[in-house]
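Enquirer: Data file input.txt (compact mmCIF, C-alpha atoms) is appended below.
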# COMPACT_ATOMS: atom_id res chain seq x y z
CA MET A 12 97.89 93.04 115.37
CA ILE A 13 95.56 91.68 112.73
CA LYS A 14 92.95 89.47 114.37
CA ASN A 15 90.35 88.79 111.66
CA PHE A 16 91.32 85.79 109.53
CA ILE A 17 89.56 84.98 106.27
CA VAL A 18 90.05 81.41 105.08
CA PRO A 19 88.89 80.30 101.59
CA ILE A 20 87.70 76.70 101.79
CA ASP A 21 86.85 74.16 99.09
CA PHE A 22 86.54 71.31 101.63
CA SER A 23 89.69 69.58 100.39
CA GLU A 24 92.35 68.51 102.88
CA ASP A 25 94.78 71.01 101.36
CA SER A 26 92.44 73.96 101.76
CA LEU A 27 92.10 73.17 105.46
CA LYS A 28 95.79 74.04 105.89
CA GLY A 29 94.72 77.67 105.62
CA LEU A 30 92.42 77.06 108.58
CA GLU A 31 95.22 75.39 110.54
CA LEU A 32 97.41 78.46 109.92
CA ALA A 33 94.73 80.76 111.30
CA ILE A 34 94.21 78.53 114.32
CA LEU A 35 97.96 78.71 115.02
CA PHE A 36 97.54 82.43 115.77
CA SER A 37 94.86 81.62 118.34
CA THR A 38 97.55 80.02 120.49
CA LYS A 39 98.97 83.51 121.08
CA GLN A 40 95.95 85.84 121.04
CA TYR A 41 92.24 86.12 120.36
CA VAL A 42 91.37 85.70 116.68
CA ASN A 43 88.13 85.76 114.73
CA ILE A 44 88.27 83.17 111.93
CA GLN A 45 85.77 83.27 109.09
CA MET A 46 85.81 80.47 106.53
CA VAL A 47 84.49 81.33 103.06
CA TYR A 48 82.97 79.09 100.43
CA VAL A 49 81.80 80.59 97.14
CA GLN A 50 79.07 79.09 95.01
CA LYS A 51 79.86 79.93 91.41
CA THR A 52 76.81 81.45 89.76
CA THR A 53 76.14 80.76 86.11
CA ILE A 54 73.02 81.21 84.03
CA GLU A 55 72.94 77.51 83.17
CA ARG A 56 72.67 76.29 86.75
CA PHE A 57 69.34 75.00 87.96
CA PRO A 58 68.03 76.55 91.22
CA SER A 59 67.63 73.07 92.69
CA ALA A 60 71.32 72.34 92.10
CA VAL A 61 72.30 75.62 93.75
CA ARG A 62 70.14 74.84 96.79
CA GLU A 63 71.62 71.35 97.03
CA GLU A 64 75.16 72.70 96.87
CA TYR A 65 74.35 75.25 99.59
CA SER A 66 72.93 72.51 101.81
CA GLN A 67 75.99 70.31 101.32
CA ALA A 68 78.38 73.19 101.99
CA LYS A 69 76.54 74.13 105.19
CA GLU A 70 76.67 70.52 106.39
CA LYS A 71 80.38 70.30 105.69
CA PHE A 72 81.05 73.59 107.45
CA GLU A 73 79.13 72.50 110.54
CA SER A 74 81.32 69.39 110.68
CA ILE A 75 84.50 71.49 110.35
CA VAL A 76 83.39 73.90 113.08
CA GLN A 77 82.64 70.99 115.40
CA GLY A 78 85.98 69.34 114.69
CA PHE A 79 88.25 72.40 114.83
CA THR A 80 86.66 74.57 117.53
CA PRO A 81 88.27 72.55 120.38
CA MET A 82 91.68 73.54 118.95
CA LEU A 83 91.00 77.26 119.42
CA GLN A 84 92.53 79.13 122.33
CA ASN A 85 92.10 82.57 123.91
CA ASN A 86 88.31 82.52 123.43
CA SER A 87 88.79 82.69 119.65
CA LYS A 88 85.86 82.26 117.27
CA LEU A 89 85.39 80.06 114.19
CA ARG A 90 82.58 80.89 111.78
CA TYR A 91 81.70 80.45 108.13
CA ILE A 92 79.91 82.18 105.29
CA ILE A 93 78.61 80.81 101.99
CA LYS A 94 78.68 83.39 99.21
CA LYS A 95 77.61 83.46 95.58
CA GLY A 96 79.51 85.00 92.69
CA SER A 97 80.87 84.49 89.19
CA LYS A 98 84.49 84.95 90.31
CA VAL A 99 85.58 83.09 93.41
CA TYR A 100 88.65 85.19 94.14
CA GLU A 101 86.65 88.44 94.00
CA GLU A 102 84.17 87.22 96.59
CA VAL A 103 86.97 86.10 98.91
CA VAL A 104 88.76 89.43 98.53
CA ASN A 105 85.54 91.40 99.12
CA GLN A 106 84.93 89.43 102.29
CA ALA A 107 88.46 90.06 103.55
CA GLU A 108 88.31 93.75 102.78
CA SER A 109 85.06 94.14 104.69
CA TYR A 110 87.37 94.04 107.72
CA LYS A 111 89.67 96.97 108.37
CA ASP A 112 92.28 94.64 109.83
CA GLY A 113 91.74 91.42 107.90
CA ILE A 114 94.28 88.83 106.82
CA ILE A 115 93.77 85.89 104.45
CA THR A 116 95.27 82.45 105.07
CA VAL A 117 95.06 80.17 102.06
CA SER A 118 96.49 76.99 100.61
CA THR A 119 97.81 77.30 97.06
CA HIS A 120 96.56 73.77 96.43
CA GLY A 121 93.05 72.45 96.56
CA ALA A 122 90.49 71.02 94.18
CA SER A 123 88.33 68.57 96.04
CA GLY A 124 85.90 68.15 93.18
CA PHE A 125 83.25 69.82 95.33
CA GLU A 126 81.69 71.93 92.58
CA GLU A 127 84.22 74.03 90.67
CA PHE A 128 85.93 75.87 93.49
CA PHE A 129 89.66 75.30 93.13
CA ILE A 130 91.75 77.01 95.77
CA GLY A 131 94.91 76.34 93.82
CA SER A 132 93.85 78.27 90.73
CA ASN A 133 92.36 81.11 92.77
CA ALA A 134 95.09 81.57 95.37
CA PHE A 135 97.36 83.68 93.15
CA LYS A 136 94.37 85.73 91.97
CA ILE A 137 93.42 86.40 95.60
CA ILE A 138 96.95 87.54 96.43
CA SER A 139 97.08 89.78 93.34
CA ALA A 140 93.65 91.34 93.88
CA THR A 141 93.67 92.16 97.59
CA THR A 142 95.28 94.96 99.53
CA GLN A 143 95.11 92.81 102.67
CA PRO A 144 98.05 90.63 103.73
CA VAL A 145 97.90 86.99 102.73
CA ILE A 146 99.68 84.03 104.31
CA ALA A 147 99.83 81.26 101.73
CA ILE A 148 101.06 77.71 102.08
CA ARG A 149 101.83 75.21 99.38
CA LYS A 150 101.63 71.48 100.02
CA GLY A 151 103.53 71.05 103.23
CA VAL A 152 103.23 70.85 106.98
CA VAL A 153 101.79 73.78 108.91
CA PRO A 154 104.48 74.71 111.46
CA ALA A 155 103.88 74.36 115.18
CA SER A 156 105.11 77.94 115.57
CA PHE A 157 106.98 80.65 113.68
CA ASN A 158 110.37 80.24 115.30
CA LYS A 159 112.35 81.57 112.33
CA ILE A 160 111.19 84.04 109.69
CA VAL A 161 113.19 84.85 106.57
CA LEU A 162 112.83 88.49 105.50
CA PRO A 163 114.46 89.12 102.09
CA ILE A 164 115.37 92.77 101.45
CA ASP A 165 116.06 94.31 98.04
CA ILE A 166 116.82 97.91 97.08
CA ASN A 167 113.27 98.88 96.17
CA PRO A 168 111.80 101.06 98.96
CA ASP A 169 108.59 99.00 98.77
CA THR A 170 110.46 95.97 100.08
CA ARG A 171 110.45 97.45 103.58
CA GLN A 172 106.68 97.69 103.74
CA LYS A 173 106.51 94.07 104.85
CA VAL A 174 108.61 94.82 107.94
CA PRO A 175 105.94 96.11 110.40
CA LEU A 176 103.63 93.10 110.02
CA THR A 177 106.58 90.71 110.04
CA ALA A 178 107.71 92.38 113.26
CA ASN A 179 104.23 91.96 114.77
CA ILE A 180 104.28 88.25 114.02
CA ALA A 181 107.85 87.89 115.30
CA GLU A 182 106.96 89.60 118.59
CA LEU A 183 103.84 87.46 118.95
CA PHE A 184 105.70 84.18 118.47
CA GLY A 185 109.13 85.19 119.78
CA SER A 186 110.55 84.58 116.31
CA GLU A 187 114.13 84.96 115.17
CA VAL A 188 114.13 87.09 111.99
CA HIS A 189 116.72 86.50 109.28
CA VAL A 190 117.17 89.77 107.40
CA LEU A 191 118.42 88.59 104.02
CA GLU A 192 120.06 90.99 101.60
CA VAL A 193 119.27 89.71 98.09
CA ALA A 194 120.65 91.05 94.81
CA THR A 195 121.58 90.01 91.29
CA SER A 196 123.78 93.03 90.66
CA ARG A 197 127.47 93.08 91.56
CA SER A 198 127.47 96.89 91.64
CA SER A 199 129.09 98.28 94.79
CA LYS A 200 126.57 101.13 94.71
CA VAL A 201 123.69 98.67 94.74
CA HIS A 202 125.18 96.67 97.58
CA LYS A 203 125.88 99.82 99.60
CA ARG A 204 122.25 100.92 99.28
CA LEU A 205 121.01 97.42 99.99
CA HIS A 206 123.13 97.21 103.13
CA ALA A 207 121.76 100.56 104.29
CA TYR A 208 118.18 99.28 103.90
CA SER A 209 119.07 96.07 105.69
CA LYS A 210 120.63 97.99 108.57
CA GLN A 211 117.55 100.19 108.89
CA VAL A 212 115.28 97.14 108.95
CA SER A 213 117.47 95.33 111.47
CA ASN A 214 117.59 98.33 113.81
CA PHE A 215 113.80 98.62 113.68
CA LEU A 216 113.38 94.95 114.54
CA ARG A 217 115.92 95.06 117.35
CA GLY A 218 114.05 98.06 118.73
CA GLY A 219 111.18 95.64 119.33
CA ASN A 220 113.51 93.23 121.15
CA ILE A 221 113.44 90.84 118.20
CA ASN A 222 116.44 88.59 117.66
CA VAL A 223 117.91 89.41 114.23
CA ILE A 224 120.31 87.43 112.03
CA ASN A 225 121.85 89.31 109.09
CA GLN A 226 122.84 87.47 105.92
CA SER A 227 123.57 88.36 102.30
CA ILE A 228 122.98 86.20 99.23
CA SER A 229 123.12 86.64 95.47
CA GLY A 230 122.30 84.53 92.46
CA ASP A 231 120.69 84.47 89.05
CA ASN A 232 117.39 83.18 90.46
CA LEU A 233 116.65 84.95 93.71
CA ALA A 234 113.53 82.89 94.36
CA ASP A 235 115.63 79.73 94.37
CA VAL A 236 118.34 81.09 96.66
CA THR A 237 115.75 82.57 99.05
CA VAL A 238 113.90 79.27 99.36
CA GLU A 239 117.18 77.36 99.64
CA TYR A 240 118.31 79.65 102.44
CA ALA A 241 114.97 79.25 104.24
CA ASN A 242 115.30 75.46 103.99
CA ALA A 243 118.92 75.54 105.21
CA VAL A 244 118.04 77.41 108.41
CA ASN A 245 114.79 75.46 108.95
CA ALA A 246 112.69 78.61 108.71
CA ASP A 247 108.96 78.55 109.38
CA MET A 248 107.94 81.49 107.18
CA ILE A 249 109.17 83.71 104.34
CA SER A 250 107.95 87.31 104.17
CA ILE A 251 107.73 88.89 100.71
CA ILE A 252 106.32 91.88 98.87
CA THR A 253 103.98 91.10 95.97
CA GLY A 254 102.87 93.31 93.14
CA GLN A 255 105.64 95.81 93.62
CA LYS A 256 106.91 97.98 90.79
CA SER A 257 110.10 97.21 88.87
CA SER A 258 112.88 96.16 91.18
CA ILE A 259 116.49 95.19 90.66
CA THR A 260 115.70 91.82 92.19
CA ASN A 261 112.42 91.50 90.26
CA LEU A 262 110.47 90.22 93.26
CA ILE A 263 107.02 90.65 91.71
CA LEU A 264 103.97 88.46 91.69
CA GLY A 265 103.98 86.43 88.51
CA ASN A 266 107.74 86.12 88.57
CA HIS A 267 109.99 85.62 91.61
CA ALA A 268 107.22 86.09 94.14
CA GLN A 269 105.11 83.47 92.41
CA GLN A 270 108.14 81.21 92.15
CA ILE A 271 108.65 81.49 95.89
CA LEU A 272 104.99 80.66 96.45
CA ASN A 273 105.31 77.65 94.14
CA LYS A 274 108.55 76.34 95.60
CA ALA A 275 108.33 77.09 99.32
CA THR A 276 106.92 74.31 101.48
CA ILE A 277 106.53 76.71 104.42
CA PRO A 278 104.03 79.57 104.77
CA VAL A 279 104.75 82.72 102.76
CA LEU A 280 103.55 86.10 104.05
CA ASN A 281 102.54 88.30 101.11
CA ILE A 282 102.27 92.06 101.49
CA THR A 283 101.00 94.37 98.75
CA PRO A 284 102.88 97.70 98.70
CA LYS A 285 101.00 100.54 100.39
CA GLU A 286 101.40 102.73 103.43
CA ILE A 287 101.43 100.26 106.32
CA GLN A 288 101.53 101.55 109.86
CA ILE A 289 100.72 98.48 111.88
CA LYS A 290 103.55 98.85 114.36
CA GLY A 291 105.36 102.01 115.38
CA SER A 292 106.19 104.59 112.74
CA PHE A 293 108.60 102.68 110.52
CA SER A 294 109.13 104.65 107.33
CA THR A 295 108.45 102.94 104.03
CA GLN A 296 109.90 105.79 102.02
CA GLY A 297 113.20 105.76 100.15
CA GLY A 298 116.53 106.41 101.79
Would you write the structure of this file as structure tokens?
Expert:
Amino acid sequence: MIKNFIVPIDFSEDSLKGLELAILFSTKQYVNIQMVYVQKTTIERFPSAVREEYSQAKEKFESIVQGFTPMLQNNSKLRYIIKKGSKVYEEVVNQAESYKDGIITVSTHGASGFEEFFIGSNAFKIISATTQPVIAIRKGVVPASFNKIVLPIDINPDTRQKVPLTANIAELFGSEVHVLEVATSRSSKVHKRLHAYSKQVSNFLRGGNINVINQSISGDNLADVTVEYANAVNADMISIITGQKSSITNLILGNHAQQILNKATIPVLNITPKEIQIKGSFSTQGG
């Protein structure tokens, strides 16, 4: 299970939701949380202004650590780092990828006016640039737990790469996973293949003693119907693949995936397609 949480912070109330998400995991296991603030470096900035910003950021971080540390459980740690760079999202991603098993928790809103670090504008860039999983939350309430997770499945083999980590989270929180077959096509061949993928995913989850609910939906805008379904069942998280190649359901960052991130008021787990072997030996290949 991933235990190192990277949390981009701009000191706005919204950006602290990413910290609250990370702390939620400490209720179930030990986690190491590292908050990240990035000072944007430009040639025009005076050294005195940079030093003043660093001092202010350090003071704010110390206050956050003091306020949030009592919420941690299982001997978990809360730390911070202040970095410098011309591109905020690159520095956050570099920090996350310095850990073999890192995960980023970020709010897609922010903008406190504290310098020019806007979580909202950088959140999508972070998700697009990293190979690490990202849990993002739009304006909304951080759940008390992940009781229900919606796991949309399309016919692209990449879609199943989000299953192992979703299973890890479900086992950790005792979540009920809703395996959701999603398609725009009415083709019987497409639906037969989709059902086969869904069955494979469901069997894998049940093998981990996870409670599974199977559902099928279709519509012209799959982001809308996915979010509507999640709202209808009072889900606490949606698990999606981002940056995948062409897919019949078009769940790619910048289109449906970004729409889900924009519209969902619950956390969204984002997985970039790659070989993921976090739990068991679940195959991510076609079939």
Enquirer: Can you work out the spacing between CA of Leu27 in chain A and CA of Phe57 in chain A in Å, to one decimal?
Expert: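 Taking CA of Leu27 in chain A and CA of Phe57 in chain A, their separation equals 28.8 Å.
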Enquirer: Smallest atom-to-atom distance to Ile138 in chain A: which of A:Gln84, A:Thr253, A:Asn105, A:Ser118, using only C-alpha atoms?
Expert: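 With only C-alpha atoms as the atom set, the closest residue is A:Thr253.
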Enquirer: Give the answer as one residue: which of A:Ser109, A:Ser198, A:Thr119, A:Asn43 has the shortest atom-to-atom distance to Tyr91 in chain A, using only C-alpha atoms?
Expert: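 Closest residue, counting only C-alpha atoms: A:Asn43.
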Enquirer: Determine, counting all atoms listed in the file, which protein, DNA and RNA residues have an atom within 10 Å of an atom of Glu182 in chain A; residues of the same chain fewer than 5 positions away are not included. Present the result as a compact mmCIF listing (two decimals) with C-alpha atoms, keeping the file's coordinate frame.
Expert:
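Okay, this is what ended up in selection-v2.txt:
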# COMPACT_ATOMS: atom_id res chain seq x y z
CA LEU A 176 103.63 93.10 110.02
CA THR A 177 106.58 90.71 110.04
CA GLU A 187 114.13 84.96 115.17
CA LEU A 216 113.38 94.95 114.54
CA GLY A 219 111.18 95.64 119.33
CA ASN A 220 113.51 93.23 121.15
CA ILE A 221 113.44 90.84 118.20
CA ASN A 222 116.44 88.59 117.66
Enquirer: Fewer than 3 positions away in the same chain doesn't count, so skip those; otherwise give me all residues within 7 Å of Ala147 in chain A, counting all atoms listed in the file, as a list in words.
Expert: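 With the cut-off at 7 Å, the set is Thr116, Val117, Ser118, Thr119, Pro278, Val279 and Leu280 of chain A.
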Enquirer: Fewer than 5 positions away in the same chain doesn't count, so skip those; otherwise give me all residues within 9 Å of Val238 in chain A, counting only C-alpha atoms, as a ChimeraX atom specification.
Expert: /A:233,243,249,271,274-276
Enquirer: Excluding Ile160 in chain A and any residue of its chain fewer than 5 positions from it, enumerate the residues within 8 Å of it, using all atoms listed in the file, and give them as a PDB file with C-alpha atoms, keeping the file's coordinate frame.
Expert:
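The resulting file, part09.pdb, is shown below:
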ATOM      1  CA  ALA A 181     107.850  87.890 115.300  1.00  0.00           C
ATOM      2  CA  SER A 186     110.550  84.580 116.310  1.00  0.00           C
ATOM      3  CA  GLU A 187     114.130  84.960 115.170  1.00  0.00           C
ATOM      4  CA  VAL A 188     114.130  87.090 111.990  1.00  0.00           C
ATOM      5  CA  HIS A 189     116.720  86.500 109.280  1.00  0.00           C
ATOM      6  CA  ALA A 246     112.690  78.610 108.710  1.00  0.00           C
ATOM      7  CA  ASP A 247     108.960  78.550 109.380  1.00  0.00           C
ATOM      8  CA  MET A 248     107.940  81.490 107.180  1.00  0.00           C
ATOM      9  CA  ILE A 249     109.170  83.710 104.340  1.00  0.00           C
ATOM     10  CA  SER A 250     107.950  87.310 104.170  1.00  0.00           C
TER      11      SER A 250
END
Enquirer: Around (115.1, 100.2, 102.4) in the file's own coordinates, what residues are found within 7 Å if you use all atoms listed in the file, given back as number ranges by chain?
Expert: A: 166-168, 170-171, 205, 207-209, 211, 297-298
Enquirer: Determine the nearest neighbour of Ile114 in chain A from the options A:Ala33, A:Leu83, A:Leu183, A:Ile224, counting only C-alpha atoms.
Expert: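 The closest residue to Ile114 in chain A is A:Ala33.
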Enquirer: Could you check how far CA of Lys200 in chain A sits from CA of Ile228 in chain A, in Å to one decimal?
Expert: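 Those two atoms sit 16.0 Å apart.
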Enquirer: Between CA of Thr80 in chain A and CA of Met46 in chain A, what is the distance in Å, rounded to a tenth?
Expert: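 Answer for the CA of Thr80 in chain A to CA of Met46 in chain A separation: 12.5 Å.
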Enquirer: Might I get the box with edges along x, y and z of the file that holds all atoms of range 168-184 of chain A listed there, padded by 8 Å on every side, given as centre and edge lengths in Å to one decimal, as lines of an AutoDock Vina configuration file?
Expert:
center_x = 107.7
center_y = 92.6
center_z = 108.9
size_x = 24.2
size_y = 32.9
size_z = 36.2
Enquirer: Could you pull the residues within 7 Å of Ile252 in chain A, counting only C-alpha atoms, minus those fewer than 5 positions along the same chain, as an NGL selection string?
Expert: :A and (170 or 173 or 281-284)
Enquirer: Of the candidates A:Leu162, A:Val244, A:Val153, A:Asn133, which shows the shortest atom-to-atom distance to Lys28 in chain A, using all atoms listed in the file?
Expert: A:Val153
Enquirer: Pick the closest to Ala155 in chain A from A:Gln67, A:Ser139, A:Ser213, A:Thr38: which is it, counting all atoms listed in the file?
Expert: A:Thr38
Enquirer: For a quick check of understanding, using all atoms listed in the file, which of A:Phe72, A:Ser156, A:Asn15, A:Ala178 has the smallest distance to Asn214 in chain A?
Expert: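 Among the listed residues, the smallest separation from Asn214 in chain A belongs to A:Ala178.
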